$ cat run-v4.pdb   # PDB, C-alpha atoms and all ligand atoms
MODEL        1
ATOM      1  CA  MET P   1      87.972 -56.162 -31.276
ATOM      2  CA  ALA P   2      84.931 -53.924 -30.948
ATOM      3  CA  ALA P   3      85.098 -50.199 -30.225
ATOM      4  CA  ALA P   4      81.820 -48.948 -28.723
ATOM      5  CA  GLN P   5      81.717 -45.215 -29.340
ATOM      6  CA  MET P   6      78.941 -43.722 -27.215
ATOM      7  CA  ALA P   7      76.882 -40.556 -27.249
ATOM      8  CA  ALA P   8      76.993 -38.727 -23.919
ATOM      9  CA  ALA P   9      75.044 -39.963 -20.892
ATOM     10  CA  SER P  10      72.206 -37.887 -19.479
ATOM     11  CA  PRO P  11      72.882 -36.423 -16.011
ATOM     12  CA  TYR P  12      69.235 -37.020 -15.044
ATOM     13  CA  THR P  13      68.367 -40.627 -15.856
ATOM     14  CA  GLY P  14      70.827 -42.657 -13.805
ATOM     15  CA  ARG P  15      72.803 -45.631 -15.086
ATOM     16  CA  LYS P  16      70.069 -47.838 -16.568
ATOM     17  CA  PRO P  17      69.568 -46.200 -19.994
ATOM     18  CA  VAL P  18      73.345 -46.103 -20.485
ATOM     19  CA  VAL P  19      73.823 -49.721 -19.425
ATOM     20  CA  ASP P  20      70.979 -50.732 -21.760
ATOM     21  CA  ARG P  21      72.760 -49.060 -24.695
ATOM     22  CA  MET P  22      76.002 -50.744 -23.686
ATOM     23  CA  LEU P  23      74.284 -54.127 -23.550
ATOM     24  CA  ALA P  24      72.849 -53.602 -27.031
ATOM     25  CA  MET P  25      76.315 -52.834 -28.370
ATOM     26  CA  MET P  26      77.789 -55.810 -26.515
ATOM     27  CA  ARG P  27      75.284 -58.130 -28.208
ATOM     28  CA  GLU P  28      75.981 -56.574 -31.598
ATOM     29  CA  ALA P  29      79.734 -56.893 -31.003
ATOM     30  CA  LYS P  30      79.368 -60.582 -30.219
ATOM     31  CA  ALA P  31      77.124 -61.123 -33.257
ATOM     32  CA  ARG P  32      79.802 -59.480 -35.417
ATOM     33  CA  GLY P  33      82.471 -61.813 -34.037
ATOM     34  CA  ALA P  34      84.226 -59.678 -31.418
ATOM     35  CA  ASP P  35      86.044 -61.193 -28.414
ATOM     36  CA  VAL P  36      86.354 -57.895 -26.538
ATOM     37  CA  ILE P  37      84.386 -54.634 -26.530
ATOM     38  CA  VAL P  38      85.924 -51.339 -25.441
ATOM     39  CA  TYR P  39      83.685 -48.628 -23.936
ATOM     40  CA  PRO P  40      84.729 -44.984 -23.375
ATOM     41  CA  GLU P  41      86.241 -43.199 -20.377
ATOM     42  CA  LEU P  42      83.590 -42.476 -17.682
ATOM     43  CA  ALA P  43      81.162 -44.474 -19.786
ATOM     44  CA  LEU P  44      78.370 -44.555 -17.201
ATOM     45  CA  THR P  45      78.027 -40.817 -16.539
ATOM     46  CA  PRO P  46      78.336 -37.414 -18.187
ATOM     47  CA  PHE P  47      81.832 -35.899 -18.331
ATOM     48  CA  PHE P  48      80.982 -34.216 -15.020
ATOM     49  CA  ILE P  49      84.392 -32.626 -14.429
ATOM     50  CA  MET P  50      83.187 -29.516 -16.297
ATOM     51  CA  HIS P  51      81.087 -28.424 -13.269
ATOM     52  CA  TRP P  52      82.432 -26.786 -10.103
ATOM     53  CA  VAL P  53      81.278 -28.130  -6.718
ATOM     54  CA  ASP P  54      82.114 -26.632  -3.327
ATOM     55  CA  ASP P  55      82.176 -30.073  -1.754
ATOM     56  CA  LEU P  56      83.219 -33.150  -3.746
ATOM     57  CA  ALA P  57      80.613 -35.205  -1.889
ATOM     58  CA  GLU P  58      77.982 -33.309  -3.959
ATOM     59  CA  ALA P  59      79.220 -35.310  -6.951
ATOM     60  CA  ASP P  60      79.247 -38.724  -5.263
ATOM     61  CA  VAL P  61      76.315 -39.809  -7.438
ATOM     62  CA  TYR P  62      78.730 -40.012 -10.378
ATOM     63  CA  TYR P  63      81.112 -42.465  -8.687
ATOM     64  CA  GLU P  64      80.884 -46.253  -8.411
ATOM     65  CA  LYS P  65      81.387 -47.357  -4.805
ATOM     66  CA  ALA P  66      81.877 -50.996  -5.750
ATOM     67  CA  MET P  67      82.615 -52.819  -8.981
ATOM     68  CA  PRO P  68      80.583 -54.652 -10.004
ATOM     69  CA  ASN P  69      77.480 -53.162  -8.386
ATOM     70  CA  PRO P  70      73.775 -53.747  -9.087
ATOM     71  CA  ASP P  71      73.646 -51.018 -11.777
ATOM     72  CA  VAL P  72      76.410 -52.567 -13.884
ATOM     73  CA  GLN P  73      75.903 -56.221 -12.966
ATOM     74  CA  PRO P  74      73.933 -56.782 -16.220
ATOM     75  CA  LEU P  75      77.109 -55.999 -18.186
ATOM     76  CA  PHE P  76      79.038 -58.656 -16.282
ATOM     77  CA  ASP P  77      76.196 -61.171 -16.608
ATOM     78  CA  GLU P  78      75.795 -60.581 -20.328
ATOM     79  CA  ALA P  79      79.551 -60.770 -20.906
ATOM     80  CA  ARG P  80      79.602 -64.168 -19.210
ATOM     81  CA  ALA P  81      76.521 -65.382 -21.095
ATOM     82  CA  LEU P  82      77.917 -64.268 -24.459
ATOM     83  CA  GLY P  83      81.561 -65.094 -23.770
ATOM     84  CA  ILE P  84      82.919 -61.626 -24.510
ATOM     85  CA  GLY P  85      85.364 -59.449 -22.561
ATOM     86  CA  PHE P  86      85.108 -55.703 -21.998
ATOM     87  CA  TYR P  87      86.999 -52.542 -21.016
ATOM     88  CA  LEU P  88      84.904 -50.192 -18.881
ATOM     89  CA  GLY P  89      85.841 -46.664 -17.827
ATOM     90  CA  TYR P  90      84.157 -45.227 -14.710
ATOM     91  CA  ALA P  91      84.630 -42.904 -11.744
ATOM     92  CA  GLU P  92      85.748 -44.886  -8.682
ATOM     93  CA  LEU P  93      85.142 -43.868  -5.070
ATOM     94  CA  ILE P  94      86.907 -45.677  -2.244
ATOM     95  CA  GLY P  95      86.082 -44.964   1.402
ATOM     96  CA  GLN P  96      84.117 -42.077   2.860
ATOM     97  CA  GLY P  97      84.492 -38.558   4.253
ATOM     98  CA  GLU P  98      88.034 -37.275   4.829
ATOM     99  CA  GLY P  99      89.598 -40.590   3.903
ATOM    100  CA  ALA P 100      87.764 -40.926   0.574
ATOM    101  CA  LYS P 101      89.811 -41.470  -2.574
ATOM    102  CA  ARG P 102      88.536 -40.813  -6.079
ATOM    103  CA  PHE P 103      90.039 -42.168  -9.276
ATOM    104  CA  ASN P 104      89.312 -42.105 -12.992
ATOM    105  CA  THR P 105      89.448 -45.846 -13.537
ATOM    106  CA  ALA P 106      89.202 -48.535 -16.192
ATOM    107  CA  ILE P 107      88.798 -52.258 -15.697
ATOM    108  CA  LEU P 108      89.327 -55.167 -18.018
ATOM    109  CA  VAL P 109      86.769 -57.926 -17.672
ATOM    110  CA  GLY P 110      87.284 -61.406 -19.078
ATOM    111  CA  LYS P 111      84.916 -63.633 -21.013
ATOM    112  CA  THR P 112      83.653 -65.274 -17.860
ATOM    113  CA  GLY P 113      82.818 -61.956 -16.244
ATOM    114  CA  GLU P 114      85.848 -61.824 -13.923
ATOM    115  CA  ILE P 115      87.868 -58.618 -13.454
ATOM    116  CA  ILE P 116      91.285 -59.281 -14.976
ATOM    117  CA  GLY P 117      92.883 -55.899 -14.415
ATOM    118  CA  LYS P 118      92.392 -52.360 -13.183
ATOM    119  CA  TYR P 119      94.045 -49.114 -14.282
ATOM    120  CA  ARG P 120      93.729 -45.666 -12.644
ATOM    121  CA  LYS P 121      94.382 -42.637 -14.841
ATOM    122  CA  VAL P 122      97.756 -41.003 -14.356
ATOM    123  CA  HIS P 123      97.667 -37.927 -16.614
ATOM    124  CA  LEU P 124      94.865 -35.713 -15.294
ATOM    125  CA  PRO P 125      94.419 -32.623 -17.509
ATOM    126  CA  GLY P 126      93.004 -29.218 -16.624
ATOM    127  CA  HIS P 127      93.014 -27.614 -13.190
ATOM    128  CA  ALA P 128      91.785 -28.008  -9.585
ATOM    129  CA  ASP P 129      90.736 -24.393  -8.924
ATOM    130  CA  TYR P 130      87.548 -22.574  -9.987
ATOM    131  CA  ARG P 131      88.151 -20.356 -13.017
ATOM    132  CA  PRO P 132      85.203 -17.965 -13.380
ATOM    133  CA  GLU P 133      86.451 -16.571 -16.683
ATOM    134  CA  LEU P 134      86.061 -19.952 -18.430
ATOM    135  CA  PRO P 135      82.813 -20.989 -20.183
ATOM    136  CA  PHE P 136      83.172 -24.398 -18.512
ATOM    137  CA  GLN P 137      85.591 -25.920 -16.073
ATOM    138  CA  GLY P 138      88.125 -28.716 -16.599
ATOM    139  CA  LEU P 139      88.381 -30.062 -13.070
ATOM    140  CA  GLU P 140      89.889 -33.524 -13.382
ATOM    141  CA  LYS P 141      92.600 -32.481 -10.929
ATOM    142  CA  LEU P 142      89.872 -31.662  -8.395
ATOM    143  CA  TYR P 143      87.692 -34.712  -8.949
ATOM    144  CA  PHE P 144      90.421 -37.351  -9.127
ATOM    145  CA  GLU P 145      93.722 -38.294  -7.583
ATOM    146  CA  VAL P 146      96.631 -39.306  -9.777
ATOM    147  CA  GLY P 147      96.311 -43.030 -10.380
ATOM    148  CA  ASP P 148      98.414 -45.391  -8.290
ATOM    149  CA  THR P 149      98.339 -48.534 -10.431
ATOM    150  CA  GLY P 150     101.065 -47.759 -12.976
ATOM    151  CA  PHE P 151     100.701 -48.880 -16.585
ATOM    152  CA  GLY P 152     100.344 -52.611 -16.136
ATOM    153  CA  THR P 153      99.849 -55.293 -18.763
ATOM    154  CA  TRP P 154      97.985 -58.568 -18.564
ATOM    155  CA  GLN P 155      98.093 -61.884 -20.373
ATOM    156  CA  ALA P 156      94.568 -61.994 -21.766
ATOM    157  CA  PHE P 157      92.634 -62.714 -24.948
ATOM    158  CA  GLY P 158      95.601 -64.584 -26.400
ATOM    159  CA  GLY P 159      98.122 -61.782 -25.999
ATOM    160  CA  VAL P 160      99.618 -59.034 -23.843
ATOM    161  CA  VAL P 161      97.109 -56.253 -23.234
ATOM    162  CA  GLY P 162      97.232 -52.903 -21.467
ATOM    163  CA  MET P 163      94.975 -49.986 -20.655
ATOM    164  CA  CYS P 164      95.157 -46.235 -20.387
ATOM    165  CA  ILE P 165      92.598 -43.420 -20.211
ATOM    166  CA  CYS P 166      92.071 -40.364 -22.399
ATOM    167  CA  ASN P 167      94.820 -37.776 -21.778
ATOM    168  CA  ASP P 168      97.275 -40.646 -21.144
ATOM    169  CA  ARG P 169      97.116 -41.370 -24.868
ATOM    170  CA  ARG P 170      98.945 -38.128 -25.649
ATOM    171  CA  TRP P 171     102.062 -39.107 -23.668
ATOM    172  CA  PRO P 172     104.708 -41.329 -25.252
ATOM    173  CA  GLU P 173     105.726 -42.812 -21.913
ATOM    174  CA  THR P 174     102.240 -44.305 -21.498
ATOM    175  CA  TYR P 175     102.768 -46.625 -24.451
ATOM    176  CA  ARG P 176     106.492 -47.073 -23.853
ATOM    177  CA  VAL P 177     106.039 -48.396 -20.310
ATOM    178  CA  MET P 178     103.578 -50.930 -21.714
ATOM    179  CA  GLY P 179     105.762 -51.471 -24.781
ATOM    180  CA  LEU P 180     108.645 -52.437 -22.503
ATOM    181  CA  GLN P 181     106.334 -55.132 -21.102
ATOM    182  CA  GLY P 182     105.664 -56.441 -24.613
ATOM    183  CA  VAL P 183     102.184 -54.988 -25.033
ATOM    184  CA  GLU P 184     100.321 -56.121 -28.156
ATOM    185  CA  LEU P 185      97.008 -54.341 -27.612
ATOM    186  CA  VAL P 186      96.304 -51.075 -25.777
ATOM    187  CA  MET P 187      92.717 -50.098 -24.941
ATOM    188  CA  VAL P 188      91.843 -46.471 -24.278
ATOM    189  CA  GLY P 189      88.597 -44.600 -23.697
ATOM    190  CA  TYR P 190      88.305 -40.811 -23.924
ATOM    191  CA  ASN P 191      86.167 -37.667 -23.535
ATOM    192  CA  THR P 192      87.759 -34.916 -25.621
ATOM    193  CA  PRO P 193      86.014 -31.564 -26.129
ATOM    194  CA  THR P 194      86.413 -29.916 -29.526
ATOM    195  CA  SER P 195      87.840 -26.965 -27.601
ATOM    196  CA  VAL P 196      89.360 -26.603 -24.131
ATOM    197  CA  PRO P 197      88.964 -23.033 -22.898
ATOM    198  CA  TRP P 198      92.288 -22.810 -21.063
ATOM    199  CA  ASP P 199      94.161 -22.951 -24.380
ATOM    200  CA  THR P 200      92.409 -22.666 -27.743
ATOM    201  CA  THR P 201      95.567 -22.231 -29.848
ATOM    202  CA  PHE P 202      95.354 -25.595 -31.549
ATOM    203  CA  ASP P 203      91.600 -26.187 -31.483
ATOM    204  CA  HIS P 204      91.587 -26.678 -35.249
ATOM    205  CA  LEU P 205      93.911 -29.655 -34.733
ATOM    206  CA  THR P 206      91.956 -31.447 -31.982
ATOM    207  CA  GLU P 207      90.891 -34.366 -34.155
ATOM    208  CA  PHE P 208      94.283 -34.575 -35.833
ATOM    209  CA  HIS P 209      96.019 -34.737 -32.434
ATOM    210  CA  ASN P 210      93.620 -37.465 -31.338
ATOM    211  CA  HIS P 211      94.680 -39.740 -34.168
ATOM    212  CA  LEU P 212      98.297 -38.588 -34.219
ATOM    213  CA  SER P 213      98.750 -39.640 -30.585
ATOM    214  CA  VAL P 214      97.298 -43.124 -30.881
ATOM    215  CA  GLN P 215      98.900 -43.819 -34.254
ATOM    216  CA  ALA P 216     102.336 -42.795 -32.935
ATOM    217  CA  GLY P 217     101.889 -44.854 -29.764
ATOM    218  CA  ALA P 218     100.857 -47.892 -31.770
ATOM    219  CA  TYR P 219     103.648 -47.644 -34.313
ATOM    220  CA  GLN P 220     106.511 -46.790 -31.949
ATOM    221  CA  ASN P 221     105.637 -49.722 -29.707
ATOM    222  CA  SER P 222     104.364 -52.103 -32.348
ATOM    223  CA  SER P 223     100.984 -52.552 -30.721
ATOM    224  CA  TRP P 224      97.334 -52.468 -31.675
ATOM    225  CA  VAL P 225      95.441 -49.553 -30.141
ATOM    226  CA  VAL P 226      91.664 -49.480 -29.776
ATOM    227  CA  SER P 227      90.654 -45.917 -28.929
ATOM    228  CA  VAL P 228      87.048 -45.107 -28.064
ATOM    229  CA  ALA P 229      85.207 -41.806 -27.650
ATOM    230  CA  LYS P 230      82.315 -40.539 -25.632
ATOM    231  CA  THR P 231      80.982 -38.148 -28.221
ATOM    232  CA  GLY P 232      78.527 -35.393 -29.101
ATOM    233  CA  ARG P 233      76.807 -32.813 -26.934
ATOM    234  CA  ASP P 234      77.421 -33.208 -23.187
ATOM    235  CA  GLY P 235      75.984 -30.134 -21.403
ATOM    236  CA  PRO P 236      78.209 -27.207 -22.440
ATOM    237  CA  LEU P 237      80.683 -29.556 -24.115
ATOM    238  CA  ASP P 238      80.935 -30.686 -27.686
ATOM    239  CA  LEU P 239      82.902 -33.939 -27.603
ATOM    240  CA  ILE P 240      84.779 -35.208 -30.632
ATOM    241  CA  GLY P 241      84.218 -38.699 -32.033
ATOM    242  CA  GLY P 242      86.950 -40.259 -34.121
ATOM    243  CA  SER P 243      87.043 -43.614 -32.321
ATOM    244  CA  CYS P 244      89.481 -45.840 -34.147
ATOM    245  CA  ILE P 245      91.279 -49.135 -34.325
ATOM    246  CA  VAL P 246      94.973 -48.719 -35.141
ATOM    247  CA  SER P 247      97.315 -51.449 -36.324
ATOM    248  CA  PRO P 248     100.872 -52.009 -35.035
ATOM    249  CA  GLY P 249     102.022 -50.283 -38.230
ATOM    250  CA  GLY P 250     100.320 -47.103 -37.004
ATOM    251  CA  GLU P 251      97.617 -47.290 -39.649
ATOM    252  CA  ILE P 252      93.989 -46.568 -38.808
ATOM    253  CA  VAL P 253      92.158 -49.672 -39.978
ATOM    254  CA  MET P 254      88.732 -48.390 -38.994
ATOM    255  CA  THR P 255      87.336 -45.112 -37.702
ATOM    256  CA  ALA P 256      83.915 -43.887 -36.578
ATOM    257  CA  GLN P 257      81.794 -42.092 -39.146
ATOM    258  CA  THR P 258      79.324 -40.457 -36.742
ATOM    259  CA  ARG P 259      79.150 -38.624 -33.456
ATOM    260  CA  GLU P 260      76.629 -41.085 -32.015
ATOM    261  CA  ASP P 261      76.587 -44.599 -30.630
ATOM    262  CA  GLU P 262      78.565 -46.518 -33.227
ATOM    263  CA  LEU P 263      80.221 -49.902 -33.119
ATOM    264  CA  LEU P 264      83.464 -50.602 -34.967
ATOM    265  CA  VAL P 265      84.584 -54.206 -35.287
ATOM    266  CA  ALA P 266      87.931 -55.231 -36.754
ATOM    267  CA  ALA P 267      90.042 -58.353 -36.773
ATOM    268  CA  CYS P 268      93.183 -57.572 -34.752
ATOM    269  CA  ASP P 269      95.801 -60.270 -35.245
ATOM    270  CA  LEU P 270      97.924 -59.864 -32.128
ATOM    271  CA  ASP P 271     100.776 -61.753 -33.802
ATOM    272  CA  LEU P 272     101.134 -58.788 -36.157
ATOM    273  CA  ALA P 273     102.379 -56.840 -33.137
ATOM    274  CA  GLN P 274     105.356 -59.208 -32.982
ATOM    275  CA  LYS P 275     106.674 -58.167 -36.413
ATOM    276  CA  TYR P 276     108.143 -54.785 -35.521
ATOM    277  CA  LYS P 277     108.966 -55.971 -32.016
ATOM    278  CA  ARG P 278     111.436 -58.323 -33.738
ATOM    279  CA  SER P 279     112.801 -55.798 -36.222
ATOM    280  CA  VAL P 280     112.556 -51.985 -36.268
ATOM    281  CA  PHE P 281     111.411 -51.765 -32.653
ATOM    282  CA  ASP P 282     113.334 -54.649 -31.147
ATOM    283  CA  PHE P 283     114.072 -52.747 -27.960
ATOM    284  CA  SER P 284     116.779 -55.134 -26.766
ATOM    285  CA  GLN P 285     118.709 -54.647 -30.010
ATOM    286  CA  HIS P 286     118.177 -51.011 -30.827
ATOM    287  CA  ARG P 287     117.207 -48.945 -27.779
ATOM    288  CA  ARG P 288     120.148 -46.969 -26.396
ATOM    289  CA  THR P 289     119.212 -46.260 -22.800
ATOM    290  CA  GLU P 290     122.853 -45.714 -21.738
ATOM    291  CA  HIS P 291     123.106 -43.057 -24.412
ATOM    292  CA  TYR P 292     119.902 -41.301 -23.294
ATOM    293  CA  ARG P 293     121.257 -41.267 -19.755
ATOM    294  CA  ALA P 294     124.561 -39.820 -20.910
ATOM    295  CA  ILE P 295     122.764 -36.986 -22.723
ATOM    296  CA  CYS P 296     120.667 -36.238 -19.640
ATOM    297  CA  ASP P 297     123.854 -36.064 -17.569
ATOM    298  CA  GLN P 298     125.409 -33.792 -20.181
ATOM    299  CA  ILE P 299     122.550 -31.288 -20.116
ATOM    300  CA  GLY P 300     121.964 -31.606 -16.380
ATOM    301  CA  VAL P 301     118.472 -33.124 -16.212
ATOM    302  CA  ALA P 302     117.505 -36.249 -14.311
ATOM    303  CA  ALA P 303     117.066 -39.335 -16.474
ATOM    304  CA  ALA P 304     113.811 -41.154 -15.809
TER
HETATM  305  N1  LIG E   1      89.350 -36.691 -20.424
HETATM  306  C1  LIG E   1      90.466 -36.091 -20.830
HETATM  307  O1  LIG E   1      91.544 -36.403 -20.356
HETATM  308  N2  LIG E   1      90.306 -35.149 -21.775
HETATM  309  C2  LIG E   1      91.409 -34.356 -22.238
HETATM  310  C3  LIG E   1      90.948 -32.981 -22.636
HETATM  311  C4  LIG E   1      90.236 -32.313 -21.504
HETATM  312  C5  LIG E   1      92.144 -32.165 -23.103
HETATM  313  C6  LIG E   1      92.121 -35.018 -23.412
HETATM  314  O2  LIG E   1      93.342 -35.128 -23.353
HETATM  315  O3  LIG E   1      91.476 -35.370 -24.397
ENDMDL
END

$ encode --input "run-v4.pdb" --output "structure tokens"
Amino acid sequence: MAAAQMAAASPYTGRKPVVDRMLAMMREAKARGADVIVYPELALTPFFIMHWVDDLAEADVYYEKAMPNPDVQPLFDEARALGIGFYLGYAELIGQGEGAKRFNTAILVGKTGEIIGKYRKVHLPGHADYRPELPFQGLEKLYFEVGDTGFGTWQAFGGVVGMCICNDRRWPETYRVMGLQGVELVMVGYNTPTSVPWDTTFDHLTEFHNHLSVQAGAYQNSSWVVSVAKTGRDGPLDLIGGSCIVSPGGEIVMTAQTREDELLVAACDLDLAQKYKRSVFDFSQHRRTEHYRAICDQIGVAAA
């Protein structure tokens, strides 16, 4: 697996310089033996949700209206030529005007350039209203609708693979829903500022929480996790790096050393994910769903 950590995209230059950098990393990934390369959340654009707009249509330039499209077609062509798959995060726009729908989306593309799967982000952080007191906005709830795909898994690359996006990685149910489907490899891209202005209490733990979340998700579901940052200065934002590849034991086997474009490549034996699935985390043997339900009844909350 290759994790393609990327420095932020310029808001002024369009897609081409970004796609060129992605192509360079794709070639390097293939040369270093990777079968799949994972790019960040919203890989093709800046993390534009920090800016207020009166009309969402003002931001349409940041959304892909079709996938693939001429701007990103070189990624699909190169993937096919090299025989490498990829995970791509992007802003998705469906329809026009009143009926338009906008999602924070990731796709999984196979080694022959075909789209294997699509995921639309469920956990949208921040707010939908303008907050003048903040140094920058966190408007994912304005720019995107809650994803409608669920946390699917796909048979691909010799195993069971799943996807999620950024804030999803902090929620145990993200991994558990995929874990219940036997997931062996979760891919996630993210844009995480060093500080979010609506709550700075735990800013000093931002990087710790990044790794804590993906390590816990990997371990508790016995799955590989490949977690990939958009990093560095992005307008008013300072985005963390810390991209990593985590084993089903929850151990970070490789992590980024910079806050720039950086490629991590690690051998991820998907069969290793089967070990804990057959012992400590054999859900069929050891999960106690009836018991969880009974406790929920006892304390008067609805069981999921
Ligand atoms: N893109 C994100 O979802 N970012 C959030 C930040 C804004 C808190 C995250 O969970 O990393």

$ residues_around --input "run-v4.pdb" --residues "range 56-69 of chain P" --least-positions-apart "5" --cutoff "7 Å" --atoms "only C-alpha atoms" --output "PDB file with C-alpha atoms, in the frame of the given file"
ATOM      1  CA  THR P  45      78.027 -40.817 -16.539  1.00  0.00           C
ATOM      2  CA  ALA P  91      84.630 -42.904 -11.744  1.00  0.00           C
ATOM      3  CA  GLU P  92      85.748 -44.886  -8.682  1.00  0.00           C
ATOM      4  CA  LEU P  93      85.142 -43.868  -5.070  1.00  0.00           C
ATOM      5  CA  ILE P  94      86.907 -45.677  -2.244  1.00  0.00           C
TER       6      ILE P  94
END

$ atom_distance --input "run-v4.pdb" --atom1 "CA of Leu139 in chain P" --atom2 "CA of Gly189 in chain P"
18.0 Å

$ closest_residue --input "run-v4.pdb" --among "P:Phe151, P:Tyr175, P:Phe136, P:Tyr119" --to "Pro197 in chain P" --atoms "all atoms listed in the file"
P:Phe136

$ closest_residue --input "run-v4.pdb" --among "P:Thr105, P:Ser222, P:Gln96, P:Asn191" --to "Leu272 in chain P" --atoms "all atoms listed in the file"
P:Ser222

$ closest_atom_pairs --input "run-v4.pdb" --of "chain P" --to "ligand LIG 1 (chain E)" --cutoff "10 Å" --atoms "all atoms listed in the file" --output "CSV"
residue,atom,partner,partner_atom,distance
P:Pro40,CA,E:LIG1,N1,9.9
P:Glu41,CA,E:LIG1,N1,7.2
P:Leu42,CA,E:LIG1,N1,8.6
P:Phe47,CA,E:LIG1,N1,7.8
P:Ile49,CA,E:LIG1,N1,8.8
P:Met50,CA,E:LIG1,C4,9.2
P:Asn104,CA,E:LIG1,N1,9.2
P:Lys121,CA,E:LIG1,O1,8.8
P:Val122,CA,E:LIG1,O1,9.8
P:His123,CA,E:LIG1,O1,7.3
P:Leu124,CA,E:LIG1,O1,6.1
P:Pro125,CA,E:LIG1,O1,5.5
P:Gly126,CA,E:LIG1,C4,6.4
P:His127,CA,E:LIG1,C4,9.9
P:Gln137,CA,E:LIG1,C4,9.6
P:Gly138,CA,E:LIG1,C4,6.4
P:Leu139,CA,E:LIG1,C4,8.9
P:Glu140,CA,E:LIG1,O1,7.7
P:Ile165,CA,E:LIG1,O1,7.1
P:Cys166,CA,E:LIG1,O1,4.5
P:Asn167,CA,E:LIG1,O2,3.4
P:Asp168,CA,E:LIG1,O2,7.1
P:Arg169,CA,E:LIG1,O2,7.4
P:Arg170,CA,E:LIG1,O2,6.8
P:Trp171,CA,E:LIG1,O2,9.6
P:Gly189,CA,E:LIG1,N1,8.6
P:Tyr190,CA,E:LIG1,N1,5.5
P:Asn191,CA,E:LIG1,N1,4.6
P:Thr192,CA,E:LIG1,O3,3.9
P:Pro193,CA,E:LIG1,C3,6.2
P:Thr194,CA,E:LIG1,C3,8.8
P:Ser195,CA,E:LIG1,C5,8.1
P:Val196,CA,E:LIG1,C5,6.3
P:Pro197,CA,E:LIG1,C4,9.5
P:Trp198,CA,E:LIG1,C5,9.6
P:Asp199,CA,E:LIG1,C5,9.5
P:Thr206,CA,E:LIG1,O3,8.6
P:Glu207,CA,E:LIG1,O3,9.8
P:His209,CA,E:LIG1,O3,9.3
P:Asn210,CA,E:LIG1,O3,7.6
P:Ala229,CA,E:LIG1,O3,9.6
P:Lys230,CA,E:LIG1,N1,9.6
P:Leu239,CA,E:LIG1,O3,9.3
P:Ile240,CA,E:LIG1,O3,9.2

$ axis_aligned_box --input "run-v4.pdb" --around "range 103-108 of chain P" --padding-each-side "4 Å" --output "lines of an AutoDock Vina configuration file"
center_x = 89.4
center_y = -48.6
center_z = -13.6
size_x = 9.2
size_y = 21.1
size_z = 16.7

$ closest_residue --input "run-v4.pdb" --among "P:Gly249, P:Pro132, P:Gly162, P:Pro70" --to "Leu108 in chain P" --atoms "all atoms listed in the file"
P:Gly162

$ closest_residue --input "run-v4.pdb" --among "P:Thr200, P:Ser223, P:Thr153, P:Thr255" --to "Gly117 in chain P" --atoms "only C-alpha atoms"
P:Thr153

$ residues_near_point --input "run-v4.pdb" --point "(95.5, -56.4, -30.3)" --cutoff "7 Å" --atoms "all atoms listed in the file" --output "PyMOL selection string"
chain P and resi 184-185+223-225+268-270

$ residues_around --input "run-v4.pdb" --residues "Ile252 in chain P" --least-positions-apart "2" --cutoff "10 Å" --atoms "only C-alpha atoms" --output "PyMOL selection string"
chain P and resi 211+214-215+218+224-226+243-250+254-255

$ closest_residue --input "run-v4.pdb" --among "P:Pro17, P:Gly150, P:Gly85, P:Pro74" --to "Tyr39 in chain P" --atoms "all atoms listed in the file"
P:Gly85

$ atom_distance --input "run-v4.pdb" --atom1 "CA of Phe76 in chain P" --atom2 "CA of Pro46 in chain P"
21.3 Å
